[in-house]
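Text of the file final-v6.cif, holding mmCIF, C-alpha atoms:
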data_query
loop_
_atom_site.label_atom_id
_atom_site.label_comp_id
_atom_site.auth_asym_id
_atom_site.auth_seq_id
_atom_site.Cartn_x
_atom_site.Cartn_y
_atom_site.Cartn_z
CA MET M 24 19.76 21.10 12.56
CA LEU M 25 20.75 20.16 16.09
CA PHE M 26 24.33 19.06 16.72
CA VAL M 27 24.61 16.81 19.77
CA LEU M 28 28.30 17.06 20.63
CA ASP M 29 30.27 14.66 22.81
CA VAL M 30 32.38 16.62 25.29
CA SER M 31 33.11 13.64 27.55
CA GLY M 32 36.57 12.84 28.93
CA SER M 33 37.61 10.70 25.96
CA MET M 34 37.35 13.72 23.63
CA LYS M 35 40.65 14.94 25.14
CA GLU M 36 42.49 12.27 23.16
CA LYS M 37 44.78 13.42 20.36
CA TRP M 38 43.50 13.10 16.79
CA GLY M 39 45.69 14.44 14.01
CA GLY M 40 47.85 16.64 16.23
CA ARG M 41 44.97 18.16 18.23
CA THR M 42 42.39 16.80 20.63
CA LYS M 43 39.20 15.36 19.15
CA PHE M 44 37.19 18.12 20.79
CA GLU M 45 39.36 20.91 19.35
CA THR M 46 39.07 19.41 15.88
CA ALA M 47 35.32 18.91 16.16
CA LYS M 48 34.52 22.41 17.41
CA GLU M 49 36.65 24.13 14.76
CA LEU M 50 35.29 22.14 11.84
CA LEU M 51 31.75 22.48 13.17
CA TYR M 52 32.07 26.26 13.20
CA LYS M 53 33.39 26.34 9.63
CA LEU M 54 30.55 24.15 8.36
CA ILE M 55 27.81 26.09 10.14
CA ASP M 56 29.22 29.44 9.03
CA SER M 57 29.46 28.24 5.42
CA VAL M 58 25.87 26.91 5.31
CA GLU M 59 24.36 29.97 6.99
CA LYS M 60 25.90 32.26 4.38
CA LYS M 61 24.29 30.27 1.56
CA ASN M 62 20.91 29.35 3.04
CA ALA M 63 18.98 31.76 5.26
CA ASN M 64 16.30 29.15 6.01
CA VAL M 65 18.63 26.90 7.99
CA GLU M 66 18.95 27.30 11.75
CA PHE M 67 21.53 25.50 13.90
CA ALA M 68 21.68 24.67 17.59
CA VAL M 69 24.16 22.76 19.72
CA ARG M 70 23.52 20.43 22.67
CA ALA M 71 26.66 19.32 24.49
CA PHE M 72 27.08 16.46 26.95
CA GLY M 73 29.85 15.45 29.35
CA TYR M 74 31.38 18.84 30.07
CA GLN M 75 29.73 20.03 33.32
CA ASN M 76 31.02 17.40 35.75
CA PRO M 77 34.16 15.23 35.95
CA ARG M 78 33.78 11.56 35.10
CA THR M 79 34.29 10.62 38.74
CA ASP M 80 30.89 12.19 39.52
CA ARG M 81 29.23 9.76 37.06
CA ASN M 82 26.62 12.40 36.20
CA CYS M 83 24.41 10.73 33.59
CA LYS M 84 22.33 13.88 33.15
CA ASP M 85 25.28 16.02 32.15
CA SER M 86 23.68 17.36 28.97
CA LYS M 87 22.61 20.89 28.09
CA LEU M 88 21.27 22.88 25.16
CA LEU M 89 24.35 25.04 24.84
CA VAL M 90 23.11 27.31 22.00
CA PRO M 91 19.38 27.39 21.14
CA PHE M 92 18.08 27.64 17.57
CA ALA M 93 18.36 31.00 15.88
CA LYS M 94 19.39 32.46 12.55
CA ASN M 95 23.08 33.34 12.03
CA ASN M 96 24.18 31.27 14.99
CA ALA M 97 27.73 30.42 13.89
CA GLU M 98 29.53 33.01 16.03
CA LYS M 99 27.43 32.21 19.11
CA ILE M 100 28.23 28.52 18.69
CA LYS M 101 31.93 29.21 18.29
CA ALA M 102 32.01 31.37 21.41
CA ALA M 103 30.05 28.83 23.49
CA LEU M 104 32.31 25.94 22.49
CA GLU M 105 35.41 27.93 23.46
CA LYS M 106 34.16 28.08 27.05
CA ILE M 107 33.78 24.32 27.65
CA SER M 108 36.17 21.38 27.77
CA PRO M 109 35.88 17.58 27.91
CA GLN M 110 35.71 15.82 31.27
CA GLY M 111 32.56 13.79 31.97
CA MET M 112 30.33 10.85 31.02
CA THR M 113 28.72 9.93 27.69
CA PRO M 114 24.92 10.09 28.25
CA ILE M 115 23.82 9.68 24.63
CA ALA M 116 20.35 8.30 25.45
CA TYR M 117 19.57 11.08 27.92
CA SER M 118 20.78 13.70 25.43
CA LEU M 119 18.56 12.30 22.69
CA ALA M 120 15.56 12.29 25.01
CA GLN M 121 16.23 15.92 25.93
CA ALA M 122 16.75 16.87 22.27
CA ALA M 123 13.04 16.38 21.68
CA ASN M 124 12.47 19.61 23.59
CA ASP M 125 15.19 21.59 21.82
CA PHE M 126 13.33 22.16 18.55
CA PRO M 127 10.93 25.10 18.13
CA ALA M 128 7.24 24.26 17.74
CA ASP M 129 7.11 24.77 13.97
CA ILE M 130 5.23 22.15 11.97
CA LYS M 131 6.59 23.54 8.71
CA SER M 132 10.21 22.90 9.68
CA LEU M 133 12.26 19.79 8.99
CA ASN M 134 14.21 18.81 12.11
CA SER M 135 17.51 16.95 11.93
CA ILE M 136 19.95 15.65 14.58
CA ILE M 137 23.66 15.01 14.01
CA ILE M 138 25.48 13.28 16.89
CA ILE M 139 29.25 13.66 17.01
CA THR M 140 30.95 11.21 19.37
CA ASP M 141 33.99 8.98 19.81
CA GLY M 142 32.56 6.68 22.44
CA ASN M 143 29.70 4.42 23.38
CA GLU M 144 26.91 5.19 25.85
CA ASN M 145 28.42 4.68 29.32
CA CYS M 146 25.29 5.36 31.33
CA ASP M 147 22.53 2.84 32.00
CA GLU M 148 19.95 4.20 29.54
CA ASN M 149 19.15 2.80 26.11
CA PRO M 150 20.02 5.15 23.20
CA CYS M 151 18.18 2.90 20.73
CA ALA M 152 14.90 3.36 22.63
CA ALA M 153 15.47 7.11 22.91
CA SER M 154 15.99 7.39 19.16
CA GLN M 155 12.86 5.35 18.49
CA LYS M 156 10.78 7.70 20.64
CA LEU M 157 11.94 10.63 18.50
CA MET M 158 10.81 8.74 15.41
CA ASP M 159 7.50 7.69 16.94
CA LYS M 160 6.71 11.30 17.86
CA ARG M 161 7.80 12.47 14.39
CA ILE M 162 10.03 15.11 15.96
CA SER M 163 13.10 14.70 13.76
CA LEU M 164 14.78 12.60 11.13
CA ARG M 165 16.44 9.47 12.43
CA PRO M 166 19.74 10.83 13.79
CA PHE M 167 23.04 10.74 11.94
CA ILE M 168 25.95 9.58 14.10
CA ILE M 169 29.45 10.77 13.14
CA GLY M 170 32.14 8.69 14.79
CA LEU M 171 35.56 10.19 15.47
CA ASN M 172 37.68 7.13 14.71
CA GLY M 173 35.38 5.06 16.88
CA GLY M 174 36.02 1.75 15.12
CA GLU M 175 33.68 -1.01 13.98
CA SER M 176 32.64 -2.01 17.51
CA LEU M 177 31.33 1.46 18.31
CA MET M 178 29.57 1.77 14.97
CA GLU M 179 27.85 -1.58 15.45
CA LYS M 180 26.53 -0.53 18.87
CA LEU M 181 25.18 2.82 17.65
CA LYS M 182 23.60 1.79 14.33
CA CYS M 183 20.23 1.25 16.04
CA ILE M 184 20.09 5.01 16.65
CA GLY M 185 20.33 5.97 13.00
CA THR M 186 22.81 6.27 10.15
CA VAL M 187 26.34 5.72 11.47
CA LEU M 188 29.40 7.06 9.63
CA ASP M 189 32.87 6.67 11.10
CA THR M 190 35.57 9.17 10.14
CA LYS M 191 39.31 8.50 10.27
CA ASP M 192 40.71 12.03 9.99
CA GLU M 193 39.79 15.73 9.90
CA SER M 194 39.19 15.78 6.15
CA SER M 195 36.76 12.87 6.17
CA PHE M 196 34.96 14.35 9.20
CA TYR M 197 34.47 17.69 7.46
CA ASN M 198 33.33 16.09 4.20
CA THR M 199 30.97 13.66 5.93
CA VAL M 200 29.15 16.30 7.95
CA GLY M 201 28.98 18.51 4.84
CA VAL M 202 27.39 15.74 2.81
CA ILE M 203 24.81 15.08 5.55
CA ILE M 204 23.88 18.76 5.73
CA LYS M 205 23.60 19.03 1.95
CA GLN M 206 21.53 15.86 1.72
CA THR M 207 19.15 17.04 4.45
CA LEU M 208 18.64 20.35 2.66
CA ASN M 209 17.59 18.60 -0.56
CA THR M 210 13.94 17.88 -1.26
CA THR M 211 12.76 14.40 -0.30
CA THR M 212 10.67 12.66 -2.95
CA ALA M 213 9.22 9.21 -3.43
CA GLN M 214 7.45 7.08 -5.97
CA VAL M 215 5.36 3.98 -5.38
CA ASN M 216 5.97 1.23 -7.92
CA LEU M 217 3.06 -1.19 -8.17
CA LEU M 218 4.57 -4.21 -9.87
CA ASP M 219 2.55 -6.53 -12.09
CA ALA M 220 3.18 -10.29 -12.31
CA ASN M 221 6.09 -9.60 -14.68
CA GLY M 222 7.75 -7.21 -12.24
CA ASN M 223 6.91 -4.06 -14.23
CA PRO M 224 5.39 -0.94 -12.55
CA THR M 225 2.26 -0.92 -14.75
CA VAL M 226 -0.45 -1.25 -12.08
CA THR M 227 -2.13 2.07 -11.27
CA ASN M 228 -5.34 3.94 -10.35
CA ILE M 229 -5.52 2.35 -6.89
CA LEU M 230 -6.02 4.33 -3.67
CA PHE M 231 -3.28 3.93 -1.07
CA THR M 232 -2.95 5.30 2.44
CA LEU M 233 0.19 6.24 4.35
CA TYR M 234 -0.11 5.88 8.13
CA ASP M 235 2.17 6.94 10.94
CA HIS M 236 3.74 3.66 12.05
CA ALA M 237 3.53 4.40 15.78
CA SER M 238 0.12 6.06 16.15
CA ARG M 239 -1.66 4.59 13.08
CA LYS M 240 -2.81 8.12 12.25
CA ILE M 241 -3.59 8.71 8.58
CA LEU M 242 -0.97 11.05 7.11
CA TYR M 243 -1.70 10.90 3.37
CA ASN M 244 -4.26 9.48 0.95
CA PHE M 245 -3.28 9.19 -2.72
CA VAL M 246 -4.78 7.65 -5.82
CA HIS M 247 -1.83 6.05 -7.58
CA THR M 248 -1.13 7.74 -10.90
CA LEU M 249 1.20 7.25 -13.84
CA ASN M 250 2.60 10.48 -15.26
CA GLU M 251 2.62 11.52 -18.92
CA LYS M 252 5.74 9.37 -19.48
CA GLY M 253 4.06 6.29 -18.06
CA ASN M 254 6.09 6.34 -14.83
CA PRO M 255 4.70 6.35 -11.27
CA ASP M 256 4.05 9.93 -10.19
CA THR M 257 6.52 11.69 -7.88
CA LEU M 258 5.33 12.40 -4.33
CA TYR M 259 6.72 15.01 -1.97
CA LEU M 260 6.63 13.51 1.51
CA ASP M 261 7.79 14.52 4.96
CA PRO M 262 10.93 12.42 5.54
CA VAL M 263 10.49 12.50 9.32
CA GLY M 264 9.14 9.35 10.95
CA ILE M 265 8.21 5.86 9.83
CA TYR M 266 5.35 5.07 7.47
CA ASP M 267 3.05 2.11 6.96
CA LEU M 268 1.49 1.82 3.50
CA GLU M 269 -1.85 0.17 2.79
CA LEU M 270 -2.77 -0.40 -0.84
CA HIS M 271 -6.54 -0.68 -1.20
CA THR M 272 -6.63 -3.61 -3.57
CA ILE M 273 -8.99 -6.55 -3.03
CA PRO M 274 -7.74 -7.90 -0.67
CA THR M 275 -5.51 -5.10 0.61
CA ILE M 276 -1.69 -5.19 0.56
CA ARG M 277 0.43 -3.73 3.36
CA LYS M 278 4.05 -2.64 3.56
CA ASP M 279 5.10 -1.57 7.05
CA SER M 280 8.01 0.30 8.61
CA ILE M 281 8.97 2.40 5.59
CA GLU M 282 11.77 4.89 6.30
CA LEU M 283 12.55 7.54 3.72
CA THR M 284 16.08 8.72 3.08
CA ALA M 285 16.04 12.49 3.51
CA GLY M 286 17.13 14.54 0.53
CA LYS M 287 16.89 11.67 -1.94
CA HIS M 288 14.36 10.11 -4.32
CA ASN M 289 12.93 7.02 -2.62
CA ILE M 290 11.34 4.11 -4.44
CA ILE M 291 8.71 2.05 -2.61
CA ALA M 292 7.81 -1.15 -4.44
CA LEU M 293 4.90 -3.55 -3.89
CA ASP M 294 4.03 -6.70 -5.80
CA VAL M 295 0.45 -6.45 -7.11
CA PRO M 296 -0.31 -9.65 -9.10
CA ALA M 297 -3.89 -8.76 -10.04
CA GLY M 298 -6.46 -10.02 -12.51
CA LYS M 299 -10.08 -9.24 -13.38
CA LEU M 300 -13.21 -11.07 -12.27
CA ASN M 301 -16.36 -10.66 -14.33
CA VAL M 302 -19.65 -12.37 -13.46
CA GLU M 303 -21.73 -12.17 -16.62
CA CYS M 304 -25.42 -12.47 -17.33
CA LEU M 305 -26.30 -11.58 -20.90
CA GLN M 306 -29.56 -9.90 -19.97
CA ALA M 307 -28.23 -6.39 -19.40
CA ASN M 308 -30.98 -5.31 -17.01
CA TYR M 309 -30.01 -7.99 -14.50
CA ALA M 310 -27.85 -5.48 -12.63
CA ASN M 311 -30.84 -3.16 -12.36
CA ASN M 312 -32.55 -5.79 -10.22
CA ASP M 313 -29.88 -5.70 -7.52
CA ALA M 314 -28.42 -9.10 -8.30
CA GLN M 315 -24.96 -8.63 -6.78
CA ILE M 316 -22.03 -10.87 -5.92
CA VAL M 317 -20.63 -11.25 -2.41
CA VAL M 318 -16.95 -12.12 -2.84
CA ARG M 319 -15.18 -13.97 -0.02
CA GLU M 320 -11.66 -15.21 0.56
CA LYS M 321 -11.52 -18.96 0.15
CA THR M 322 -10.01 -19.44 3.60
CA ALA M 323 -11.18 -20.75 6.94
CA GLU M 324 -12.28 -17.20 7.93
CA ARG M 325 -14.26 -16.70 4.67
CA LYS M 326 -13.87 -12.94 5.08
CA ILE M 327 -16.13 -10.80 2.87
CA LEU M 328 -13.89 -8.75 0.57
CA ASN M 329 -16.29 -7.02 -1.77
CA VAL M 330 -19.83 -6.76 -3.11
CA GLN M 331 -19.64 -6.65 -6.90
CA ASP M 332 -22.25 -5.87 -9.55
CA LEU M 333 -23.09 -8.25 -12.35
CA ASN M 334 -21.53 -7.46 -15.74
CA ALA M 335 -19.07 -5.06 -14.03
CA PRO M 336 -15.49 -6.45 -14.01
CA GLU M 337 -13.37 -5.72 -10.94
CA ASN M 338 -9.71 -6.31 -10.09
CA TYR M 339 -8.63 -8.85 -7.46
CA LEU M 340 -5.27 -10.15 -6.35
CA GLN M 341 -4.37 -13.55 -7.72
CA GLY M 342 -5.99 -16.23 -5.56
CA ASN M 343 -8.99 -18.42 -4.75
CA TYR M 344 -12.39 -16.87 -4.05
CA GLU M 345 -15.92 -17.90 -3.11
CA LEU M 346 -18.78 -16.19 -4.91
CA GLU M 347 -22.23 -15.85 -3.38
CA ILE M 348 -24.30 -14.54 -6.30
CA LEU M 349 -27.54 -13.00 -5.06
CA THR M 350 -29.74 -14.30 -7.82
CA ASN M 351 -33.09 -15.74 -6.92
CA PRO M 352 -32.43 -18.41 -5.81
CA GLU M 353 -28.84 -17.77 -4.76
CA THR M 354 -25.99 -19.15 -6.90
CA ASN M 355 -22.68 -20.22 -5.33
CA ARG M 356 -19.42 -20.68 -7.23
CA ASP M 357 -15.75 -21.08 -6.42
CA THR M 358 -13.30 -19.43 -8.78
CA VAL M 359 -9.62 -18.69 -9.28
CA VAL M 360 -8.34 -15.27 -10.35
CA MET M 361 -5.05 -15.36 -12.27
CA ALA M 362 -2.74 -12.36 -12.53
CA MET M 363 -2.99 -10.36 -15.77
CA ASN M 364 -6.00 -12.40 -16.94
CA GLU M 365 -9.76 -12.00 -16.88
CA THR M 366 -11.79 -14.72 -15.18
CA LYS M 367 -15.36 -14.99 -16.45
CA VAL M 368 -18.19 -16.65 -14.57
CA THR M 369 -21.30 -16.95 -16.73
CA LEU M 370 -24.81 -17.23 -15.29
CA LYS M 371 -27.90 -18.56 -16.97
CA ASN M 372 -30.34 -15.88 -18.03
CA TYR M 373 -33.28 -15.59 -15.71
CA GLY M 374 -36.89 -16.41 -16.51
CA THR M 375 -40.02 -14.79 -15.12
CA VAL M 376 -43.02 -16.11 -13.25
CA SER M 377 -46.07 -13.85 -13.64
CA LEU M 378 -48.69 -14.23 -10.91
CA MET M 379 -52.27 -13.08 -11.32
CA ALA M 380 -54.77 -13.03 -8.44
CA GLU M 381 -58.03 -11.40 -7.45
CA GLU M 382 -57.25 -10.97 -3.73
CA ASN M 383 -54.37 -10.40 -1.34
CA LEU M 384 -52.26 -13.52 -0.78
CA LEU M 385 -49.58 -14.84 1.54
CA THR M 386 -47.18 -16.19 -1.07
CA SER M 387 -43.95 -18.22 -1.02
CA ILE M 388 -41.78 -20.01 -3.58
CA TYR M 389 -39.72 -23.14 -2.87
CA GLN M 390 -37.32 -25.51 -4.61
CA TRP M 391 -36.98 -29.21 -3.93
CA ARG M 392 -33.34 -29.56 -2.91
CA ASN M 393 -31.49 -31.91 -0.61
CA ARG M 394 -34.66 -33.98 -0.26
CA LYS M 395 -36.63 -31.08 1.23
CA LEU M 396 -38.39 -27.89 0.24
CA GLU M 397 -36.04 -24.92 0.55
CA MET M 398 -37.49 -21.44 0.54
CA VAL M 399 -36.56 -19.16 -2.36
CA ASP M 400 -38.86 -16.18 -1.71
CA ARG M 401 -41.73 -15.12 0.52
CA TRP M 402 -43.94 -12.01 0.45
CA GLU M 403 -47.43 -10.59 0.83
CA MET M 404 -48.98 -10.16 -2.60
CA LYS M 405 -51.25 -7.11 -2.49
CA ILE M 406 -51.52 -6.29 -6.15
CA ARG M 407 -53.41 -8.17 -8.84
CA THR M 408 -50.42 -8.97 -11.08
CA GLU M 409 -46.85 -9.43 -9.93
CA ASN M 410 -43.70 -10.62 -11.69
CA ARG M 411 -40.75 -12.40 -10.04
CA LYS M 412 -37.44 -13.08 -11.77
CA LEU M 413 -36.00 -16.53 -11.05
CA GLN M 414 -33.13 -18.68 -12.19
CA PRO M 415 -34.15 -21.51 -14.53
CA GLY M 416 -35.47 -24.56 -12.64
CA GLU M 417 -38.46 -26.33 -11.07
CA TYR M 418 -40.37 -24.53 -8.32
CA TRP M 419 -43.30 -24.89 -5.94
CA LEU M 420 -45.64 -21.97 -5.35
CA VAL M 421 -47.49 -22.11 -2.01
CA TYR M 422 -50.13 -19.45 -1.29
CA LYS M 423 -53.16 -18.69 0.90
CA PRO M 424 -55.68 -15.83 0.87
CA MET M 425 -54.91 -13.30 3.59
CA SER M 426 -58.61 -13.05 4.35
CA SER M 427 -58.86 -16.74 5.27
CA TYR M 428 -58.28 -18.05 8.78
CA GLU M 429 -58.20 -21.68 7.69
CA SER M 430 -54.98 -23.56 6.97
CA GLU M 431 -56.86 -25.73 4.49
CA ALA M 432 -57.24 -22.68 2.26
CA THR M 433 -53.55 -23.14 1.32
CA ARG M 434 -52.91 -24.02 -2.34
CA THR M 435 -49.83 -25.38 -4.14
CA GLN M 436 -48.73 -25.15 -7.78
CA LYS M 437 -45.63 -26.57 -9.40
CA PHE M 438 -44.08 -24.66 -12.27
CA VAL M 439 -40.92 -24.60 -14.41
CA VAL M 440 -38.94 -21.47 -15.28
CA GLU M 441 -36.90 -21.47 -18.49
CA GLU M 442 -34.21 -19.00 -19.63
CA GLY M 443 -35.72 -15.85 -21.10
CA ASN M 444 -39.29 -17.13 -20.91
CA VAL M 445 -42.34 -16.09 -18.91
CA VAL M 446 -44.59 -18.59 -17.15
CA VAL M 447 -48.03 -17.29 -16.15
CA LEU M 448 -49.81 -18.66 -13.06
CA ASN M 449 -53.47 -17.82 -12.60
CA LEU M 450 -54.26 -17.76 -8.88
CA TYR M 451 -57.94 -16.88 -9.16
CA LYS M 452 -60.35 -18.94 -7.03
#
Would you give me this structure, written as structure tokens?
Amino acid sequence: MLFVLDVSGSMKEKWGGRTKFETAKELLYKLIDSVEKKNANVEFAVRAFGYQNPRTDRNCKDSKLLVPFAKNNAEKIKAALEKISPQGMTPIAYSLAQAANDFPADIKSLNSIIIITDGNENCDENPCAASQKLMDKRISLRPFIIGLNGGESLMEKLKCIGTVLDTKDESSFYNTVGVIIKQTLNTTTAQVNLLDANGNPTVTNILFTLYDHASRKILYNFVHTLNEKGNPDTLYLDPVGIYDLELHTIPTIRKDSIELTAGKHNIIALDVPAGKLNVECLQANYANNDAQIVVREKTAERKILNVQDLNAPENYLQGNYELEILTNPETNRDTVVMAMNETKVTLKNYGTVSLMAEENLLTSIYQWRNRKLEMVDRWEMKIRTENRKLQPGEYWLVYKPMSSYESEATRTQKFVVEEGNVVVLNLYK
């Protein structure tokens, strides 16, 4: 925990019988000493600003790491604070930027900053931007700002930095800093509530990814799970930084700029109004013949969302979809998926055309559609008997021996395919 302490000229003002600085340094020592005696894993450091030069010098880089991080630092901090006194500027932004370098390089540690001030930034830099850089680099929790009777105007100006808490007297100052320290020491947990169309967290078994908001780096992948009590599982997450969440539904759902409250149980909720889509063909072996469904958004972009198998229901968010069913010939349908319902699209069962020949053929199948022949299939037939599965309908078979160099050797046969039946075409000379 890094305390960034205001030692600017305004901290000489009286507050409860003593100056603000005298009150702050005494209470700070008591708090640090108390925590260190109870928790050996906590290390404190102090950065002070505004004490090295008088305000007339307008030194906006008057900020220094007064006591670096170490165990059992309370006495060192007390001694260091006794040697300085308020006099200078209030370079909050510069101090925050420098604070990024104050923490040891320890990826297992949780870094926290507590700013104690009674005044607003009076240099030209932007403390909001400096705080955001700390968050983007995932160096520390968003800072806590403790105001020493700063008033609503000051609190409003500093709230972009982090959590702002104004204190009116010594007692509230001591209690406020104590609560922040205790909260930061607690474990940070979270649960992701995937809400169905009725607003209940019943949706589960969906992969979701947590990204770093600034860099888009993947930080966590989880498959959403309900625990033995039927509640969303508890996650233990690093509270430092800002997250973006992507739920891998079809289509995906995003929730950006998620900030966790350190030391508390956080609930992240997303609306997931989903239903099932099932494209059925009663002949079970249809799926074995690679007849799949290309599912698109019914929008101007017509983005492909998924490739689904026949007779295999899948979940989609409520909405309008275009289905390109890769039967032979292709079948196209529009459909609507409703939340908490199953939408069924039923296909006709295919029929079979069985071709028999005594030589290799150049073969193609057409349908008469839109006042023209449209190709359904084309291949080189190099075996004596070959079966092709087709949707029910009227077709034209056009073929020519591969050994012939004459166009007039081309032959045409019309045939009809019916559901579940086999039509045999003899292509012998």
Long-range neighbours of stretch 132-134 of chain M as a ChimeraX atom specification, 10 Å cut-off, all atoms listed in the file, 3 positions minimum in chain: /M:24-25,64-66,123,126-129,161-166,207-208,261-263,285
Env of M:Leu300: 12 Å cut, atoms = all atoms listed in the file, seq-sep filter 5 positions within chain, self excluded. Answer as a ChimeraX atom specification. /M:273,316,318,329,331-346,357-369
If you keep C-alpha atoms, can you produce a file of those selected residues as an mmCIF file, keeping the file's coordinate frame?
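See part_20.cif below for the written result:
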data_model
loop_
_atom_site.group_PDB
_atom_site.id
_atom_site.type_symbol
_atom_site.label_atom_id
_atom_site.label_comp_id
_atom_site.auth_asym_id
_atom_site.auth_seq_id
_atom_site.Cartn_x
_atom_site.Cartn_y
_atom_site.Cartn_z
ATOM 1 C CA ILE M 273 -8.990 -6.550 -3.030
ATOM 2 C CA ILE M 316 -22.030 -10.870 -5.920
ATOM 3 C CA VAL M 318 -16.950 -12.120 -2.840
ATOM 4 C CA ASN M 329 -16.290 -7.020 -1.770
ATOM 5 C CA GLN M 331 -19.640 -6.650 -6.900
ATOM 6 C CA ASP M 332 -22.250 -5.870 -9.550
ATOM 7 C CA LEU M 333 -23.090 -8.250 -12.350
ATOM 8 C CA ASN M 334 -21.530 -7.460 -15.740
ATOM 9 C CA ALA M 335 -19.070 -5.060 -14.030
ATOM 10 C CA PRO M 336 -15.490 -6.450 -14.010
ATOM 11 C CA GLU M 337 -13.370 -5.720 -10.940
ATOM 12 C CA ASN M 338 -9.710 -6.310 -10.090
ATOM 13 C CA TYR M 339 -8.630 -8.850 -7.460
ATOM 14 C CA LEU M 340 -5.270 -10.150 -6.350
ATOM 15 C CA GLN M 341 -4.370 -13.550 -7.720
ATOM 16 C CA GLY M 342 -5.990 -16.230 -5.560
ATOM 17 C CA ASN M 343 -8.990 -18.420 -4.750
ATOM 18 C CA TYR M 344 -12.390 -16.870 -4.050
ATOM 19 C CA GLU M 345 -15.920 -17.900 -3.110
ATOM 20 C CA LEU M 346 -18.780 -16.190 -4.910
ATOM 21 C CA ASP M 357 -15.750 -21.080 -6.420
ATOM 22 C CA THR M 358 -13.300 -19.430 -8.780
ATOM 23 C CA VAL M 359 -9.620 -18.690 -9.280
ATOM 24 C CA VAL M 360 -8.340 -15.270 -10.350
ATOM 25 C CA MET M 361 -5.050 -15.360 -12.270
ATOM 26 C CA ALA M 362 -2.740 -12.360 -12.530
ATOM 27 C CA MET M 363 -2.990 -10.360 -15.770
ATOM 28 C CA ASN M 364 -6.000 -12.400 -16.940
ATOM 29 C CA GLU M 365 -9.760 -12.000 -16.880
ATOM 30 C CA THR M 366 -11.790 -14.720 -15.180
ATOM 31 C CA LYS M 367 -15.360 -14.990 -16.450
ATOM 32 C CA VAL M 368 -18.190 -16.650 -14.570
ATOM 33 C CA THR M 369 -21.300 -16.950 -16.730
#
Find the distance between atom CA of M:Asp192 and atom CA of M:Lys287 and write it in Å to one decimal. 26.6 Å
Excluding M:Gly201 and its own-chain neighbours fewer than 2 positions away, which residues fall within 12 Å of it when counting only C-alpha atoms? Please give them as a ChimeraX atom specification. /M:50-58,137,169,194-199,203-208
Same residues, C-alpha atoms, output as a PDB file, in the coordinates of the input:
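Output saved as part.pdb:
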ATOM      1  CA  LEU M  50      35.290  22.140  11.840  1.00  0.00           C
ATOM      2  CA  LEU M  51      31.750  22.480  13.170  1.00  0.00           C
ATOM      3  CA  TYR M  52      32.070  26.260  13.200  1.00  0.00           C
ATOM      4  CA  LYS M  53      33.390  26.340   9.630  1.00  0.00           C
ATOM      5  CA  LEU M  54      30.550  24.150   8.360  1.00  0.00           C
ATOM      6  CA  ILE M  55      27.810  26.090  10.140  1.00  0.00           C
ATOM      7  CA  ASP M  56      29.220  29.440   9.030  1.00  0.00           C
ATOM      8  CA  SER M  57      29.460  28.240   5.420  1.00  0.00           C
ATOM      9  CA  VAL M  58      25.870  26.910   5.310  1.00  0.00           C
ATOM     10  CA  ILE M 137      23.660  15.010  14.010  1.00  0.00           C
ATOM     11  CA  ILE M 169      29.450  10.770  13.140  1.00  0.00           C
ATOM     12  CA  SER M 194      39.190  15.780   6.150  1.00  0.00           C
ATOM     13  CA  SER M 195      36.760  12.870   6.170  1.00  0.00           C
ATOM     14  CA  PHE M 196      34.960  14.350   9.200  1.00  0.00           C
ATOM     15  CA  TYR M 197      34.470  17.690   7.460  1.00  0.00           C
ATOM     16  CA  ASN M 198      33.330  16.090   4.200  1.00  0.00           C
ATOM     17  CA  THR M 199      30.970  13.660   5.930  1.00  0.00           C
ATOM     18  CA  ILE M 203      24.810  15.080   5.550  1.00  0.00           C
ATOM     19  CA  ILE M 204      23.880  18.760   5.730  1.00  0.00           C
ATOM     20  CA  LYS M 205      23.600  19.030   1.950  1.00  0.00           C
ATOM     21  CA  GLN M 206      21.530  15.860   1.720  1.00  0.00           C
ATOM     22  CA  THR M 207      19.150  17.040   4.450  1.00  0.00           C
ATOM     23  CA  LEU M 208      18.640  20.350   2.660  1.00  0.00           C
TER      24      LEU M 208
END
Give me, please, the distance in Å between atom CA of M:Leu119 and atom CA of M:Ser31, quoted to one decimal. 15.4 Å
Would you pick out the contacts of M:Leu349 at 12 Å or less, using only C-alpha atoms, so that residues sharing its chain but fewer than 5 positions from it are not included, and give the list as a ChimeraX atom specification? /M:302,309-310,312-318,330-333,354-356,370,399,412-414
Please compute the atom CA of M:Ala97-atom CA of M:Ala68 distance, one decimal, in Å. 9.1 Å
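Compared by their closest atoms to M:Asn95, and using only C-alpha atoms, the residues M:Asn383, M:Thr408, M:Asn62, M:Thr257 rank with M:Asn62 nearest.
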All residues 12 Å or closer to M:Asp29, all atoms listed in the file, same chain fewer than 5 positions away omitted, as number ranges by chain: M: 34-35, 43-45, 47-48, 69-75, 85-87, 104, 107-115, 118-119, 137-144, 168-171
Selected residue of minimal separation from M:Leu293 among M:Leu217, M:Met398, M:Ala153, M:Leu177, counting only C-alpha atoms: M:Leu217
At a cut-off of 10 Å from (10.7, 4.9, 0.9) in the coordinates of the file, what residues are picked up using all atoms listed in the file, written as a ChimeraX atom specification? /M:211-215,260,262,265-266,280-285,287-292
Considering only C-alpha atoms, can you say which of M:Pro424, M:Pro274, M:Pro296, M:Asn444 comes closest to M:Leu328? M:Pro274
